[in-house]
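A.B. asks: I have a structure I would like to understand better, so I am pasting it below and will then ask my questions one at a time.
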Amino acid sequence: MTSETHTSVPPWAAGTQGRMDELNPGLTEDQIAIVAGYGEERAFTDGTWLWRTGERDAGFFLVLDGAIDIVNTHNERNEVIITHGRGHYGGEIVTMTGRGAMVGGRANGDLKAIALTTEQLRRLIALESELGETMLLSFILRRMRMIAETQGDVTLYGVAAEAETGTVRSFLSRNGLPFHFVDTAEEGAAERLGALDLTPEDRPVLATGRGTLIKPTIRALAEHLEIAAQIESGGHYDVVIIGGGPAGLAAAVYGASEGLSALVIERIAPGGQAATSSRIENFFGFPTGITGQALTGRGFLQAHKFGAEIAPARCIERFDCGAPHRLTLDGGDVVTAGAVVIASGAIYREPPIANLDRFTGGGIHYGASHVEAQLCKGEDVAVIGGGNSAGQAAVFLSTHARRVRIMIRGESLTASMSSYLIDRIERTPNIDVMPFTEVEEARGTHKLETLRVLNNRTSETTDIDTRQLFIFIGAVPATDFLPEDVQLDDKGFVITGPDLTPDMLSRAGWKAERTPTHLETSVPGVYAVGDVRSGSVKRVASAVGEGSVCIQFVHRVLAETA
């Protein structure tokens, strides 16, 4: 095999002419020399696996002579996706995060390569700005193509309309994992489950080359797919951030970039509610808009770039305030922290609809990403809510659904929705606004089929056929894990800074000689940012701002307790 540039172009590259150089960039001789300064030259014989699917901390390999085959191991076919020659490198997002690889890498012919560990790669990307930008962009584009073409060995078996399957699909998608989905409700699909010695009653089933999970929990999924953080029980961090939405990720980026050891604990997946937004159009710097998953995915990668540790599918079971603060995670792991940032956000409020829990995830949703959109093709769907989130979801879903009904309790959308969204809704022929409308009951045999709705002005009820209902009616704060010393307002949001009265501080046992700083709670060294904070502006840009600003106060409290 000659040491040429990538010599085979995969079929999915068709139509991406303007992006192929960014997807698989060839480094110049000067850039190769820069990479060599961070790693070491190594030699491999033909057929040697440099890394295998599922392997953590696989490292980074830049070809000097010979070639690397990137191999898709789905169904043990060992299909070569692309071959990288001199000046090209293997890897994608997991190469920098150190999580489980989705595809394998194998030497094609005798290979000489510059090898970097995960930590060396992070250091290179952080210090070499121009080269780092090139490599990061290629990693992002490669993962996007992997998702689009479902590369990798992950297969999910289940029924699309069932809540349990929806939970697993959502977890995989929100964590940016490529996977094959087999709807066992379709003709002939059950036979594929039978080949695994399983029955339809076992669904959902996740199968990889490393084993099979039956009705998996979120934690089990994360550990099996090697995306769970390897947290050392008893470890100490400068700052522990609870919540991986825009506020938490911003705190992680600024904290880690300024030399703090930072750990992010996230209950499901990085991105929070923002990641479920189909498009954010009023975020500064993105005039054409950006999806919530794309924005927060970049924040996740940026935090890793500076060395922050992010732990998805973990939660806090006990929070003991002190010096240092002590946090017990699910599973019994204990970590301590000099400072804690509460960025747990809020959870969408559930309206008083009969049978709501029965269909949640199986026809009733609290976010509108591309996963949910696939369920709406050719269907009549309904959206409850009159805010921007509801408007963005309705516009997005209208490109997939036959008809979208927006149901609001009041007379019009003008009281709570941005004018640009209202104008867009009015111009979209398959979106109807139903004023004075409240959903009383969800009905169906095995999945959602109809909604019983009430006109709150005339008291008339009507049955509306729909298979998918999306709910965006505000949120309640995620603060159930907090100790009593952290003072909350009457709605459960965390009170901070000047809004804390002397009585509140006295009840909390405030021990510092100073008064709380901006964003600091009633416990010294514990801060609240984003949607969970009382009085915060519920916008992505505001959350990012608060998450970044609070790090300057973290530095102060660490200096006080040093």
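Labels used: A, B, ... for chains in the order of the structure tokens, numbers from 1 for residues in each chain, and numbers from 1 for ligands as shown.
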If you run DSSP on this backbone, which residues of segment 284-504 of chain A come out as alpha helix (DSSP H), and could you give them as JSON, numbers by chain?

C.D. replies: {"A": [292, 293, 294, 295, 296, 297, 298, 299, 300, 301, 302, 303, 304, 305, 356, 357, 358, 359, 370, 371, 372, 373, 374, 388, 389, 390, 391, 392, 393, 394, 395, 396, 397, 398, 419, 420, 421, 422, 423, 424, 425, 426, 502, 503, 504]}

A.B. asks: Quick one: contact table of segment 126-194 of chain A to segment 264-281 of chain A, 8 Å max, nearest atom pair and distance in Å to one decimal per residue, counting only C-alpha atoms, chain and number order, as JSON lines?

C.D. replies:
{"residue": "A:Phe171", "atom": "CA", "partner": "A:Ala269", "partner_atom": "CA", "distance": 6.9}
{"residue": "A:Arg174", "atom": "CA", "partner": "A:Ala269", "partner_atom": "CA", "distance": 6.0}
{"residue": "A:Asn175", "atom": "CA", "partner": "A:Ala269", "partner_atom": "CA", "distance": 5.5}

A.B. asks: Those residues with N, CA and C atoms, as a PDB file, in the first residue's frame please?

C.D. replies:
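Ended up saving to out-v4.pdb:
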ATOM      1  N   PHE A 171     -32.007   8.777  24.646  1.00  0.00           N
ATOM      2  CA  PHE A 171     -30.709   8.789  25.306  1.00  0.00           C
ATOM      3  C   PHE A 171     -29.580   8.658  24.288  1.00  0.00           C
ATOM      4  N   ARG A 174     -29.456  11.955  22.131  1.00  0.00           N
ATOM      5  CA  ARG A 174     -28.998  13.147  22.855  1.00  0.00           C
ATOM      6  C   ARG A 174     -27.524  13.047  23.231  1.00  0.00           C
ATOM      7  N   ASN A 175     -27.007  11.835  23.318  1.00  0.00           N
ATOM      8  CA  ASN A 175     -25.574  11.680  23.567  1.00  0.00           C
ATOM      9  C   ASN A 175     -24.773  11.590  22.276  1.00  0.00           C
TER      10      ASN A 175
END

A.B. asks: Step one, run DSSP on the backbone; step two, keep only residues of segment 274-497 of chain A assigned to strand (DSSP E or B); then write them as number ranges by chain.

C.D. replies: A: 280, 290, 309-311, 316-320, 325-329, 334-342, 346-348, 354, 360, 364-365, 380-384, 403-407, 431-434, 437-443, 450-455, 461-465, 468-471, 475-477, 488, 494

A.B. asks: In terms of the shortest atom-to-atom distance over only C-alpha atoms, which of A:Thr199, A:Thr466, A:Thr399, A:Asn455 is closest to Val381 of chain A?

C.D. replies: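 Result for the nearest residue to Val381 of chain A: A:Thr466.
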
A.B. asks: Could you give me, as a PyMOL selection string, the residues within 10 Å of His325 of chain A, counting only C-alpha atoms and dropping anything in the same chain fewer than 6 positions from it?

C.D. replies: chain A and resi 236-237+239-240+319+335-340+525-526

A.B. asks: Rounded to one decimal, what separation in Å do you get between atom CA of Pro324 of chain A and atom CA of Pro524 of chain A?

C.D. replies: 10.6 Å

A.B. asks: When you look at Thr328 of chain A with a cut-off of 10 Å (counting only C-alpha atoms), what residues show up, excluding the ones that are within fewer than 6 positions of it in the same chain? I need them as a PyMOL selection string.

C.D. replies: chain A and resi 233-234+315-320+334-336

A.B. asks: Take the residues from that selection and write them out as a PDB file, in the first residue's frame, keeping C-alpha atoms.

C.D. replies:
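Saved to again-v4.pdb:
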ATOM      1  CA  SER A 233     -14.536   7.666  44.435  1.00  0.00           C
ATOM      2  CA  GLY A 234     -12.920   9.912  47.027  1.00  0.00           C
ATOM      3  CA  CYS A 315     -27.106  12.007  39.573  1.00  0.00           C
ATOM      4  CA  ILE A 316     -26.575  13.376  43.075  1.00  0.00           C
ATOM      5  CA  GLU A 317     -28.106  11.316  45.887  1.00  0.00           C
ATOM      6  CA  ARG A 318     -26.724  13.317  48.820  1.00  0.00           C
ATOM      7  CA  PHE A 319     -25.234  16.795  49.087  1.00  0.00           C
ATOM      8  CA  ASP A 320     -23.424  17.649  52.339  1.00  0.00           C
ATOM      9  CA  VAL A 334     -18.273  10.103  46.749  1.00  0.00           C
ATOM     10  CA  VAL A 335     -16.418  13.225  45.569  1.00  0.00           C
ATOM     11  CA  THR A 336     -15.510  16.435  47.334  1.00  0.00           C
TER      12      THR A 336
END

A.B. asks: So the first atom is atom CA of Ala294 of chain A and the second is atom CA of Leu136 of chain A; what is the distance between them in Å, to one decimal place?

C.D. replies: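 That distance, rounded to one decimal, is 13.7 Å.
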
A.B. asks: With segment 203-225 of chain A as the partner and 12 Å as the cut-off, tabulate the residues of segment 9-73 of chain A that qualify, each row holding the nearest pair of atoms and their distance in Å to one decimal, using only C-alpha atoms, sorted by chain and rising number, as JSON lines.

C.D. replies:
{"residue": "A:Arg52", "atom": "CA", "partner": "A:Gly209", "partner_atom": "CA", "distance": 10.7}
{"residue": "A:Thr53", "atom": "CA", "partner": "A:Gly209", "partner_atom": "CA", "distance": 8.3}
{"residue": "A:Gly54", "atom": "CA", "partner": "A:Leu225", "partner_atom": "CA", "distance": 6.8}
{"residue": "A:Glu55", "atom": "CA", "partner": "A:Leu225", "partner_atom": "CA", "distance": 9.6}
{"residue": "A:Arg56", "atom": "CA", "partner": "A:Leu225", "partner_atom": "CA", "distance": 10.0}
{"residue": "A:Asn72", "atom": "CA", "partner": "A:Gly209", "partner_atom": "CA", "distance": 11.3}
{"residue": "A:Thr73", "atom": "CA", "partner": "A:Gly209", "partner_atom": "CA", "distance": 8.0}

A.B. asks: Give me, as a PyMOL selection string, all polymer residues having an atom no more than 7 Å from segment 367-373 of chain A, counting only C-alpha atoms and skipping those fewer than 2 positions away in the same chain.

C.D. replies: chain A and resi 276-278+365+375-376+393+397+400+470

A.B. asks: Could you tell me which of A:Ile495, A:Ala185, A:Val103, A:Met135 comes closest to Val532 of chain A if we count only C-alpha atoms?

C.D. replies: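 Of A:Ile495, A:Ala185, A:Val103, A:Met135, the one nearest Val532 of chain A is A:Ile495, counting only C-alpha atoms.
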
A.B. asks: Please identify all polymer residues within 7 Å of segment 25-41 of chain A, counting only C-alpha atoms, omitting same-chain residues fewer than 4 positions from it, and present them as a list in words.

C.D. replies: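 Neighbouring residues, sequence-local ones excluded: Asp21, Gly87, His88, Lys112, Ala113, Ile114, Ala115, Leu116, Gln120 and Leu124 of chain A.
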
A.B. asks: Which one is closest to Ile384 of chain A: A:Thr360, A:Thr437, A:Ser261, A:Ser398? Count only C-alpha atoms.

C.D. replies: A:Thr437

A.B. asks: Fewer than 3 positions away in the same chain doesn't count, so skip those; otherwise give me all residues within 9 Å of Asp110 of chain A, counting only C-alpha atoms, as a ChimeraX atom specification.

C.D. replies: /A:1,43-47,65-67,107

A.B. asks: Smallest atom-to-atom distance to Asp480 of chain A: which of A:Ile342, A:Ala442, A:Ala559, A:Ala313, using only C-alpha atoms?

C.D. replies: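 Selected residue with least distance to Asp480 of chain A: A:Ile342.
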
A.B. asks: Which one is closest to Val154 of chain A: A:Asp489, A:Arg122, A:Thr479, A:Arg169? Count only C-alpha atoms.

C.D. replies: A:Arg169

A.B. asks: Just to confirm, what's the straight-line distance from atom CA of Glu92 of chain A to atom CA of Ser138 of chain A in Å (one decimal)?

C.D. replies: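 Computing the Euclidean distance for atom CA of Glu92 of chain A and atom CA of Ser138 of chain A yields 7.2 Å.
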
A.B. asks: Can you work out which one of A:Glu164, A:Glu119, A:Asp153, A:Glu546 has the shortest atom-to-atom distance to Gly362 of chain A, counting only C-alpha atoms?

C.D. replies: A:Glu164
